Structures are given as C-alpha cells and as structure tokens.
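Asker: Got a structure for you, questions after.
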Amino acid sequence: MSGPEPLRRIRNLIDPGAGFGAFVGKLGDALVKAIDRPLGYAVNWGRIYSLWPVHLETGCCSVELGAASSPRYDLERYGVLEAFGSLRQCDLIIVLGTVNRKMAPRLRLVYDQMPEPKYVIAMGACAITGGLYFDSYNVLPGVDNVLPADVYVPGCPPRPETLIQAIMLLQEKIKLDQLKSV
Amino acid sequence: MSGTVDNAAFNRNDDATLDPNKAPANSTLPTRSFHIQQLEDRDRFITLSIGPQHPGSGHMRIIVVVDGDIIVSADPDVGYVHRGEEKMSEHRTFVQNVPHVERPVIHDSSNILYSYCLAVEDLIGMQVPEKGMYLRTILAEIDRINYTLYWLAILGIFMGHSTMFMWTTADRELFVELADMASGNRITHSYIVPGGVRNDLPQGFADKAFKFLDYFETKRLPEYNKIFYDNPLFRQRSEGVGVLSRQDAINLGVTGSVLRASGVTFDVRKNEPYGIYSDLKFEVPIAKTGDSFARSILPVLDIHQSLNIIRQCLSSMPQSGQVRTKLQPNPRGPSGEAYCRVESGRGSLGHYVVSDGTPKPYRHKMSVPSVRNLLALPYLLKGARLADLPIIYWSLNIWPVEIER
C-alpha cells in the first residue's frame, strides 16, 4: 500500500472501501427513486388486475367464493380468476374460513411455494379469530399465526359484495407498493 | 410433510428388507420371489395424492394407487375441516346450538337444522304450530334446490364444463334471494329453530316465489338437459362408469340420490313422513342403472318435485297464526334420548341427542349422508380409470365439510 502520495489517493478512490459502498448505495437509492414513479406504477398496474387465487378450500366460505365467481357478482371483472392451475402461477391466497390443526401446515406449505409478491385475504370470522369455533379443540384462533394477512373480510360467511370490496381494498394496497432497492 | 400414510407405505418397502441377499435362508420371512414381486409392484404402482390443494378434491384428500391408468386402491383422507361440532354442542344450550349445527352444510342449512330441531322438540316435548311447519317445509325445499344447483355447478366444472358452472350458479341466486327475503341471510339462515321458525314470511314473498319458480321451471331447467345431460361428451364420460348394483348399494349403506340411482325407492319424506310431508303430493324418482349418469341426473329430477312442493305449500298455507311456540328461557326436558332424521339434499340426515335433564345436551351425534356415500368411493374407484375419478367422486353427492363435522 505504499507508494507516492498521488497514487495512493487514486487507489483509495477506486478501492471499494467503506466510503465507496456508501456512495453506491446512495446512487442506488437515487436511481430507484427516479424510476419508482413511472416503472413502479406500471408494475403495480400489472399486478392489481391479475390476482389469481390458489384453489385451496379450508372451510365452508368456499360456497360464497363460488357465488362471487358466478355471473351475478363476477369477480373476473376485477381480474380475479379462479384459474385451477398450478399454485406457482398464483399470487393470491384466500383463506376460506376455518383453519384447523391438520390444515394449517398444508396452508403454510402452499403459501411458501407461491412466488413473490403474494397477498393473503382472510375471509370469514373463522379465519380472523376462530369465529363461531373459538372454543373448539381443533380450530386455530385465526390465521395470523400461520400467514400474514393483508385484508380481513368479516362475516359468517361474508356476502359476495363484501369479498369484492376486500379485493378492491387489496388493489388499493398494491398500488401503494414501492420498488425495493435490494 | 405430504402425510404419514405415504411415508408408512414407503418405509414398509425399504431397501433393507427388499434385498433378497440379506434375507436369511431358513427364516420365516417371505421368500425371494415375494420380494421380487414387491420390487416389481413398487416399480409399477404409483401413489398419487389428490388434494387438499387440488381443483378436483374439495376439502379433502384422496390417496390413489394407480397401475398405469387403472386405480388399484383409493383411500379418502379426511379431517382437513374437522371442527369438533359434536363436542361443542355439549357446552351450549339447545337453542345456542342452532347457529353452529347448520355450519357443516351452509348451503343446505335448513335441512340439517330441521332434523336437529325435530330431535330437540322430541326431547323437550314441544308442538310446532301448523303455519310453522309449512314455513319449515318451504325453506327446506328452497335449500334443497339451492344445494343441488351448487353441487351441479361443481360437478360441471370438474367435468370441464364451465357453462354448467355459470348457469347453475346464476340460477341458484334466484333461490338464494328467496331465502334471503324470508330469513335475512343468503345461505346461513338459522331460520328453523326449536319450536317453529324465527319469523313469518314478508309481504310479497308468495308472488315473487311463484314468478321465480315459473321462470326457473319453464325457461331454465329444460336448458340443462340440452347443454349437459343430452350432451354426447357428458354421456360418454358418465354412462356405465362407476356402476353400483342394487345389492351393493344396500350393503354399503349409501343413501339419498345414490341409493335411488341403484333402483331402491327410499325417501325419508315418503317412508317416514315428518312435518306436513304426509299431506303433500310428490313422487320419488328412481333409476335402475346405478351408474354415474343416473346419480348425476336424479337430484335434478328431485328439483321438479321440490318446486311442486313449494307451490303446494304456498297455496295451502294458513294465512294467519303463530309461527313459533313460545319457549321458556333455557328450555330443558326430562333425561332421555331422541333420534330424528329428514331427507336432505344428499340423503337421510339424522341427529341423535341425549339429554340428562340439564339445558345442555349430554351427547350430540350427527349422522350425515356424506359419510355414508363416501364409504362407497373406495369400492367404486377400484378398477376404474384415473380420468373417471372426478365424475365418480362428485356424482356421489358428497359435501366434504359435512363428512368431518
């Protein structure tokens, strides 16, 4: 590291030391901030109208999800399409009611296999607090210990209009997402 | 993670026991040829886990062992929605039990509550006013149609027929709206309570009901035949598939439309009439073939009878009168037991309630038709093709949440 004074100065400039890392980090933040408005808007716009839910029925709220997919309510207007495909193409998981001790590990496994970004809607009183089954020996008191829920939908079971409102709330939430500087 | 059953099956065939060289010569262990047979079987058979995250399985899992395309054995693995309803009943009074008793089949909630209320009234010794019995029948038949249309939607979409899902879920809204008008909630009504029904029908219900029933029967139901039941694709996939003979149906103890599809005339409404069903005129349609097609079309023939029953009730119902016997707070009866059953959308559904003289049941057992029909599933799937699994499974008229209660 010895040498003439000017050369040492230049080497310090090129050498990725502490000061240089901070400089790159700041540059990254500035870049992300610069492209966040236009690019982030486009990315979020793509996300909010293609919410594909996983087909995993944990409880009896699935009847109202079926009704919400029916022509009268038509969730597909909002981009929510029950795709019946692989869960690796899905980005939304609607917890349909009761989660019990046997279903909870499976639910987490399904959630872990989904690609990022992923969103969770806890549908029904059972998925929020256990609901009617608060004192049952086999039912979890809410899904919070298993999955991070984004939107809660109260009701037992919620009406399809309530589920549609939850979808719209989730879309508002996704619009606020920002690009991350990793 | 994928379950204990698979692991047990593979541990049994682990390599140490399968290696023929390691087995001692004069042991009581199976011979070499048996081991080779085991090895060949393990290579030939594949264990598939269908569910719970699978579009065709509902709330349960079916462990299927296949040899190529042929199903060797099928084992339904239930318990993903078990909520302990029977145990919960012991900590609630007879009236407090009403909301959670209807949750196992929320789209057929009136029928599952009907038999519970019959059992409780039997225990307490209550009479139901005549108008209350008519209103019970109306809601029970509306829910039977409601259930059947939802089941038909699921059957349609798992056969790959999206139109059937769209049409039946749209037409189901007619009956959901009628029930919503009468009771105040779309599917979980809690309308039938011990002693009668909660409230009288609102004004204008009968006119709206006649309008909806006529529209549904004349405009919509004939269309189902055109697009679904006369569709050659559906007929080829369902006719002669999963045949359950008359004697097997009786031996396996199936019920409801599955039993009637095999040629047995049994309907609790006819054979053991409850409420006002003995005064009503209706028929019990049966089929002789016992295949998946007969099991698929019989519930729709039942819809015609249900529409007739609703019309008869609406026109012959007493215009005024009580709808509910007044109950004491925390009603209780002498110690004893009661078992009452009704014909639900899936078959005979019974509640067995034991009382020890307190306001809470000592024991409450639900005898549900989905379990009885599920017991026929391993029998029917043995030897069937894997592609026939959805039609055999859903034609058995099962609602998986009800199996586990």
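FYI, nothing fancy with the structure tokens labels: chains A, B, ... in order, residues from 1 per chain, ligands from 1 as they appear.
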Within 12 Å of Met168 (chain A), counting only C-alpha atoms, which residues show up once you throw out same-chain ones fewer than 5 positions away? Write them as a list in words, please.

Answerer: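 So, after excluding close chain neighbours, the residues are Ile48, Tyr49, Leu51, Leu75, Arg77, Tyr78, Gly79, Val80, Ile121, Val151, Val153, Glu161, Thr162, Leu163, Lys173, Ile174 and Lys175 of chain A.
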
Asker: Considering only C-alpha atoms, return as a PyMOL selection string whatever protein or nucleic-acid residues lie within 9 Å of Leu377 (chain B), sequence-local ones (same chain, fewer than 5 positions apart) excluded.

Answerer: chain B and resi 74-76+382+392-393+396

Asker: Just the selected residues (C-alpha atoms), exported as a PDB file, in the first residue's frame, please.

Answerer:
```
ATOM      1  CA  ALA B  74     -58.196 -45.387  -3.238  1.00  0.00           C
ATOM      2  CA  ASP B  75     -58.170 -44.160   0.316  1.00  0.00           C
ATOM      3  CA  PRO B  76     -60.052 -40.986   1.265  1.00  0.00           C
ATOM      4  CA  LYS B 382     -61.164 -49.826  -7.533  1.00  0.00           C
ATOM      5  CA  ILE B 392     -67.401 -40.892  -9.714  1.00  0.00           C
ATOM      6  CA  TYR B 393     -66.365 -38.739  -6.766  1.00  0.00           C
ATOM      7  CA  LEU B 396     -71.727 -39.494  -5.098  1.00  0.00           C
TER       8      LEU B 396
END
```

Asker: When you get a sec, could you note down which chain B residues fall within 9 Å of chain A, using only C-alpha atoms, as a PyMOL selection string?

Answerer: chain B and resi 1-2+51-55+58-60+79-85+87-88+99-100+103-107+150+165-170+172-173+185-188+401

Asker: Could you write out the selected residues, including N, CA and C atoms, as a CSV table (one decimal), in the first residue's frame?

Answerer:
```csv
chain,number,residue,atom,x,y,z
B,1,MET,N,-44.0,-34.3,5.1
B,1,MET,CA,-45.0,-33.2,5.1
B,1,MET,C,-46.2,-33.7,4.3
B,2,SER,N,-46.0,-34.5,3.3
B,2,SER,CA,-47.2,-34.8,2.4
B,2,SER,C,-48.0,-35.9,3.1
B,51,GLY,N,-55.3,-33.8,-3.7
B,51,GLY,CA,-55.8,-32.9,-2.6
B,51,GLY,C,-54.8,-32.7,-1.5
B,52,PRO,N,-55.0,-31.8,-0.5
B,52,PRO,CA,-56.2,-30.9,-0.5
B,52,PRO,C,-56.1,-29.7,-1.4
B,53,GLN,N,-54.8,-29.4,-1.9
B,53,GLN,CA,-54.7,-28.3,-2.9
B,53,GLN,C,-54.8,-28.9,-4.3
B,54,HIS,N,-56.0,-29.2,-4.7
B,54,HIS,CA,-56.3,-29.8,-6.0
B,54,HIS,C,-57.7,-29.4,-6.4
B,55,PRO,N,-57.8,-28.9,-7.6
B,55,PRO,CA,-59.2,-28.5,-8.0
B,55,PRO,C,-60.3,-29.5,-7.9
B,58,GLY,N,-62.0,-30.9,-3.5
B,58,GLY,CA,-62.8,-30.3,-2.5
B,58,GLY,C,-61.9,-30.1,-1.3
B,59,HIS,N,-62.5,-30.3,-0.1
B,59,HIS,CA,-61.8,-30.0,1.2
B,59,HIS,C,-61.1,-31.3,1.7
B,60,MET,N,-60.9,-32.3,0.9
B,60,MET,CA,-60.3,-33.5,1.4
B,60,MET,C,-59.2,-34.0,0.4
B,79,GLY,N,-60.5,-35.0,7.4
B,79,GLY,CA,-60.0,-34.3,8.6
B,79,GLY,C,-59.5,-32.9,8.4
B,80,TYR,N,-59.5,-32.4,7.2
B,80,TYR,CA,-59.0,-31.1,7.0
B,80,TYR,C,-60.0,-30.0,7.4
B,81,VAL,N,-61.2,-30.3,7.7
B,81,VAL,CA,-62.2,-29.3,8.1
B,81,VAL,C,-62.8,-29.8,9.4
B,82,HIS,N,-62.2,-30.7,10.1
B,82,HIS,CA,-62.9,-31.2,11.3
B,82,HIS,C,-62.8,-30.1,12.4
B,83,ARG,N,-64.0,-29.8,12.9
B,83,ARG,CA,-64.1,-28.7,13.8
B,83,ARG,C,-64.7,-29.1,15.2
B,84,GLY,N,-65.0,-30.4,15.4
B,84,GLY,CA,-65.5,-30.8,16.7
B,84,GLY,C,-66.8,-30.3,17.0
B,85,GLU,N,-67.7,-30.3,16.1
B,85,GLU,CA,-69.1,-29.7,16.3
B,85,GLU,C,-69.8,-30.5,17.4
B,87,LYS,N,-68.6,-32.1,20.0
B,87,LYS,CA,-68.2,-31.8,21.3
B,87,LYS,C,-68.6,-30.4,21.7
B,88,MET,N,-68.6,-29.5,20.7
B,88,MET,CA,-69.0,-28.1,21.1
B,88,MET,C,-70.5,-28.1,21.5
B,99,PRO,N,-76.9,-22.0,15.6
B,99,PRO,CA,-76.0,-21.5,14.6
B,99,PRO,C,-74.9,-22.4,14.1
B,100,HIS,N,-74.3,-23.1,15.1
B,100,HIS,CA,-73.2,-23.9,14.6
B,100,HIS,C,-73.6,-25.3,14.0
B,103,ARG,N,-73.6,-25.1,10.3
B,103,ARG,CA,-72.5,-24.7,9.5
B,103,ARG,C,-71.9,-25.9,8.7
B,104,PRO,N,-72.0,-27.2,9.0
B,104,PRO,CA,-71.4,-28.2,8.2
B,104,PRO,C,-71.8,-28.1,6.7
B,105,VAL,N,-73.1,-27.9,6.5
B,105,VAL,CA,-73.5,-27.7,5.1
B,105,VAL,C,-74.3,-26.4,5.0
B,106,ILE,N,-73.5,-25.3,4.8
B,106,ILE,CA,-74.1,-24.0,4.9
B,106,ILE,C,-75.1,-23.7,3.7
B,107,HIS,N,-74.9,-24.4,2.6
B,107,HIS,CA,-75.9,-24.1,1.5
B,107,HIS,C,-77.1,-25.1,1.6
B,150,TYR,N,-75.8,-25.9,-6.5
B,150,TYR,CA,-74.4,-25.6,-6.3
B,150,TYR,C,-73.6,-26.9,-6.6
B,165,PHE,N,-71.2,-24.6,-14.7
B,165,PHE,CA,-70.9,-23.8,-13.5
B,165,PHE,C,-71.6,-22.4,-13.6
B,166,MET,N,-71.5,-21.8,-14.7
B,166,MET,CA,-72.0,-20.4,-14.8
B,166,MET,C,-73.5,-20.4,-14.7
B,167,TRP,N,-74.2,-21.3,-15.4
B,167,TRP,CA,-75.6,-21.3,-15.5
B,167,TRP,C,-76.2,-21.6,-14.1
B,168,THR,N,-75.7,-22.7,-13.5
B,168,THR,CA,-76.3,-23.1,-12.3
B,168,THR,C,-76.1,-22.1,-11.1
B,169,THR,N,-74.9,-21.6,-11.1
B,169,THR,CA,-74.6,-20.6,-10.0
B,169,THR,C,-75.5,-19.3,-10.2
B,170,ALA,N,-75.7,-19.0,-11.5
B,170,ALA,CA,-76.6,-17.9,-11.8
B,170,ALA,C,-78.0,-18.2,-11.4
B,172,ARG,N,-79.0,-20.3,-9.2
B,172,ARG,CA,-79.1,-20.5,-7.8
B,172,ARG,C,-79.4,-19.2,-7.0
B,173,GLU,N,-79.0,-18.1,-7.6
B,173,GLU,CA,-79.2,-16.8,-7.0
B,173,GLU,C,-80.7,-16.5,-6.8
B,185,ASN,N,-80.6,-13.8,5.6
B,185,ASN,CA,-79.3,-14.1,5.2
B,185,ASN,C,-79.2,-15.0,4.0
B,186,ARG,N,-78.1,-14.9,3.3
B,186,ARG,CA,-78.1,-15.6,2.0
B,186,ARG,C,-78.1,-17.1,2.2
B,187,ILE,N,-77.2,-17.6,2.9
B,187,ILE,CA,-77.1,-19.1,3.0
B,187,ILE,C,-77.2,-19.6,4.4
B,188,THR,N,-76.7,-19.0,5.4
B,188,THR,CA,-76.8,-19.5,6.8
B,188,THR,C,-78.0,-18.7,7.4
B,401,VAL,N,-67.2,-30.9,3.8
B,401,VAL,CA,-67.2,-30.3,5.1
B,401,VAL,C,-68.1,-31.1,6.0
```

Asker: CA of Arg385 (chain B) and CA of Ile70 (chain B), how far apart in Å?

Answerer: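 Spanning CA of Ile70 (chain B) to CA of Arg385 (chain B) is a straight-line distance of 4.7 Å.
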
Asker: Can you tell me, as a list in words, what residues are no more than 12 Å from Ala209 (chain B) when counting only C-alpha atoms, ignoring any on the same chain fewer than 5 positions away?

Answerer: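 In the requested form, the answer reads Ile138, Leu139, Ile142, Leu174, Phe175, Val176, Glu177, Leu178, Ala179, Asp180, Met181, Ala182, Leu201, Pro202, Gln203, Gly204, Asp214, Tyr215, Phe216, Glu217, Leu307, Asn308, Ile310, Arg311, Gln312, Cys313, Leu314 and Ser315 of chain B.
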
Asker: Quick check for you: according to DSSP on this backbone, which residues of region 67-162 of chain A are classed as strand (DSSP E or B)? Reply as a list in words.

Answerer: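 Going through region 67-162 of chain A, the strand (DSSP E or B) residues come out as Leu92, Ile93, Ile94, Val95, Leu96, Asn100, Tyr119, Val120, Ile121, Ala122, Met123, Val139, Val151, Tyr152 and Val153 of chain A.
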
Asker: Go ahead and compute the interatomic distance for CA of Ser238 (chain B) and CA of Ser296 (chain B), in Å to one decimal.

Answerer: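 Computing it gives 8.5 Å between the two atoms.
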
Asker: Taking the DSSP assignment computed from this structure's backbone, write out as an MDAnalysis selection string all residues of region 8-186 of chain B that belong to alpha helix (DSSP H).

Answerer: chainID B and resid 8:12 15:18 32:44 85:89 98:101 109:124 130:158 162:183

Asker: Quick one: write out the picked residues with C-alpha atoms as a short mmCIF file (atom, residue, chain, number, x, y, z; two decimals), in the first residue's frame?

Answerer:
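Saved to part.cif:
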```cif
data_model
loop_
_atom_site.label_atom_id
_atom_site.label_comp_id
_atom_site.auth_asym_id
_atom_site.auth_seq_id
_atom_site.Cartn_x
_atom_site.Cartn_y
_atom_site.Cartn_z
CA ALA B 8 -45.58 -45.61 6.12
CA ALA B 9 -46.11 -47.20 2.73
CA PHE B 10 -42.55 -46.48 1.67
CA ASN B 11 -40.96 -47.47 4.97
CA ARG B 12 -42.54 -50.87 4.68
CA ASP B 15 -34.29 -51.41 0.71
CA ALA B 16 -33.00 -53.49 3.65
CA THR B 17 -35.98 -55.80 3.62
CA LEU B 18 -36.24 -55.81 -0.14
CA ARG B 32 -37.23 -64.36 -2.64
CA SER B 33 -39.95 -64.40 -5.24
CA PHE B 34 -42.21 -62.45 -2.89
CA HIS B 35 -39.51 -59.81 -2.56
CA ILE B 36 -39.07 -59.61 -6.28
CA GLN B 37 -42.80 -59.28 -6.63
CA GLN B 38 -42.73 -56.43 -4.12
CA LEU B 39 -39.98 -54.70 -6.08
CA GLU B 40 -41.87 -55.06 -9.31
CA ASP B 41 -45.04 -53.79 -7.66
CA ARG B 42 -43.21 -50.79 -6.31
CA ASP B 43 -41.91 -50.00 -9.76
CA ARG B 44 -45.30 -50.49 -11.37
CA GLU B 85 -69.08 -29.69 16.34
CA GLU B 86 -70.39 -32.62 18.36
CA LYS B 87 -68.16 -31.80 21.32
CA MET B 88 -69.01 -28.10 21.07
CA SER B 89 -72.70 -28.96 21.38
CA VAL B 98 -78.64 -23.63 16.37
CA PRO B 99 -76.03 -21.46 14.56
CA HIS B 100 -73.17 -23.92 14.58
CA VAL B 101 -75.26 -27.00 13.80
CA SER B 109 -78.60 -25.31 6.26
CA SER B 110 -82.36 -25.61 6.68
CA ASN B 111 -82.37 -29.38 6.28
CA ILE B 112 -79.58 -30.04 8.76
CA LEU B 113 -81.31 -27.74 11.26
CA TYR B 114 -84.69 -29.32 10.60
CA SER B 115 -83.65 -32.71 11.94
CA TYR B 116 -81.83 -31.14 14.90
CA CYS B 117 -84.93 -29.16 15.84
CA LEU B 118 -87.13 -32.25 15.45
CA ALA B 119 -84.86 -34.13 17.86
CA VAL B 120 -84.81 -31.27 20.38
CA GLU B 121 -88.60 -30.88 20.19
CA ASP B 122 -88.91 -34.61 20.75
CA LEU B 123 -86.74 -34.31 23.88
CA ILE B 124 -88.39 -31.22 25.32
CA GLU B 130 -99.23 -25.59 11.71
CA LYS B 131 -98.05 -22.47 9.94
CA GLY B 132 -94.55 -23.05 11.32
CA MET B 133 -94.50 -26.50 9.75
CA TYR B 134 -95.46 -25.09 6.36
CA LEU B 135 -92.75 -22.42 6.56
CA ARG B 136 -90.19 -25.06 7.55
CA THR B 137 -91.08 -27.12 4.52
CA ILE B 138 -90.81 -24.12 2.18
CA LEU B 139 -87.33 -23.21 3.43
CA ALA B 140 -86.18 -26.84 3.45
CA GLU B 141 -87.19 -27.28 -0.18
CA ILE B 142 -85.64 -23.95 -1.22
CA ASP B 143 -82.39 -25.07 0.38
CA ARG B 144 -82.59 -28.47 -1.28
CA ILE B 145 -82.73 -26.75 -4.68
CA ASN B 146 -80.02 -24.32 -3.59
CA TYR B 147 -77.75 -27.19 -2.56
CA THR B 148 -78.44 -29.25 -5.68
CA LEU B 149 -77.67 -26.38 -8.03
CA TYR B 150 -74.37 -25.64 -6.30
CA TRP B 151 -73.45 -29.32 -6.40
CA LEU B 152 -74.34 -29.42 -10.08
CA ALA B 153 -72.09 -26.41 -10.67
CA ILE B 154 -69.16 -28.19 -9.05
CA LEU B 155 -69.90 -31.38 -10.95
CA GLY B 156 -69.98 -29.39 -14.17
CA ILE B 157 -66.74 -27.54 -13.70
CA PHE B 158 -64.81 -30.61 -12.62
CA SER B 162 -67.64 -24.24 -17.46
CA THR B 163 -71.06 -23.34 -18.87
CA MET B 164 -72.72 -25.64 -16.36
CA PHE B 165 -70.95 -23.81 -13.52
CA MET B 166 -72.00 -20.41 -14.81
CA TRP B 167 -75.64 -21.29 -15.48
CA THR B 168 -76.34 -23.13 -12.26
CA THR B 169 -74.62 -20.59 -10.02
CA ALA B 170 -76.59 -17.86 -11.76
CA ASP B 171 -79.92 -19.70 -11.36
CA ARG B 172 -79.07 -20.54 -7.77
CA GLU B 173 -79.20 -16.83 -6.98
CA LEU B 174 -82.98 -16.93 -7.53
CA PHE B 175 -83.41 -19.29 -4.61
CA VAL B 176 -80.75 -17.60 -2.52
CA GLU B 177 -82.69 -14.38 -2.99
CA LEU B 178 -85.94 -16.02 -1.90
CA ALA B 179 -84.28 -17.43 1.23
CA ASP B 180 -82.62 -14.06 1.84
CA MET B 181 -86.01 -12.39 1.65
CA ALA B 182 -87.58 -14.83 4.10
CA SER B 183 -84.80 -15.08 6.65
#
```

Asker: Tell me, in Å to one decimal, how far CA of Asp69 (chain B) is from CA of Pro400 (chain B).

Answerer: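 Separating CA of Asp69 (chain B) from CA of Pro400 (chain B) is a distance of 25.5 Å.
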
Asker: Need to verify the contact set: region 321-329 of chain B, 7 Å, only C-alpha atoms, exclusion of same-chain residues closer than 4 positions in sequence. Can you return it as a PyMOL selection string?

Answerer: chain B and resi 128-129+131-132+195-200

Asker: Name all residues at most 10 Å from Tyr362 (chain B) (count only C-alpha atoms; drop same-chain ones fewer than 2 positions away) and give them as JSON, numbers by chain.

Answerer: {"B": [87, 89, 90, 91, 335, 336, 337, 353, 354, 355, 356, 357, 358, 359, 360, 364]}

Asker: Could the residues in this selection be written to a file with C-alpha atoms, as a PDB file, in the first residue's frame?

Answerer:
```pdb
ATOM      1  CA  LYS B  87     -68.162 -31.797  21.322  1.00  0.00           C
ATOM      2  CA  SER B  89     -72.703 -28.960  21.378  1.00  0.00           C
ATOM      3  CA  GLU B  90     -72.119 -30.268  24.886  1.00  0.00           C
ATOM      4  CA  HIS B  91     -71.055 -26.806  26.089  1.00  0.00           C
ATOM      5  CA  SER B 335     -83.493 -37.108  30.675  1.00  0.00           C
ATOM      6  CA  GLY B 336     -83.728 -39.287  27.616  1.00  0.00           C
ATOM      7  CA  GLU B 337     -82.642 -39.585  24.037  1.00  0.00           C
ATOM      8  CA  VAL B 353     -79.353 -36.078  21.024  1.00  0.00           C
ATOM      9  CA  VAL B 354     -79.067 -37.367  24.591  1.00  0.00           C
ATOM     10  CA  SER B 355     -80.280 -35.198  27.448  1.00  0.00           C
ATOM     11  CA  ASP B 356     -79.554 -35.664  31.155  1.00  0.00           C
ATOM     12  CA  GLY B 357     -82.185 -33.183  32.304  1.00  0.00           C
ATOM     13  CA  THR B 358     -79.992 -30.088  32.012  1.00  0.00           C
ATOM     14  CA  PRO B 359     -80.414 -27.334  29.373  1.00  0.00           C
ATOM     15  CA  LYS B 360     -77.367 -28.681  27.516  1.00  0.00           C
ATOM     16  CA  HIS B 364     -74.948 -34.962  20.293  1.00  0.00           C
TER      17      HIS B 364
END
```

Asker: Excluding Ser395 (chain B) and residues on its chain fewer than 6 positions from it, collect all residues at most 9 Å away from it, counting only C-alpha atoms, and give them as a PyMOL selection string.

Answerer: chain B and resi 155+258+292-296

Asker: Compare B:Glu404, B:Glu283, B:Glu343, B:Asp388 by their minimum atom-to-atom distance to Phe234 (chain B), counting only C-alpha atoms, and give me the closest one.

Answerer: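 Residue with the minimum atom-to-atom distance to Phe234 (chain B): B:Asp388.
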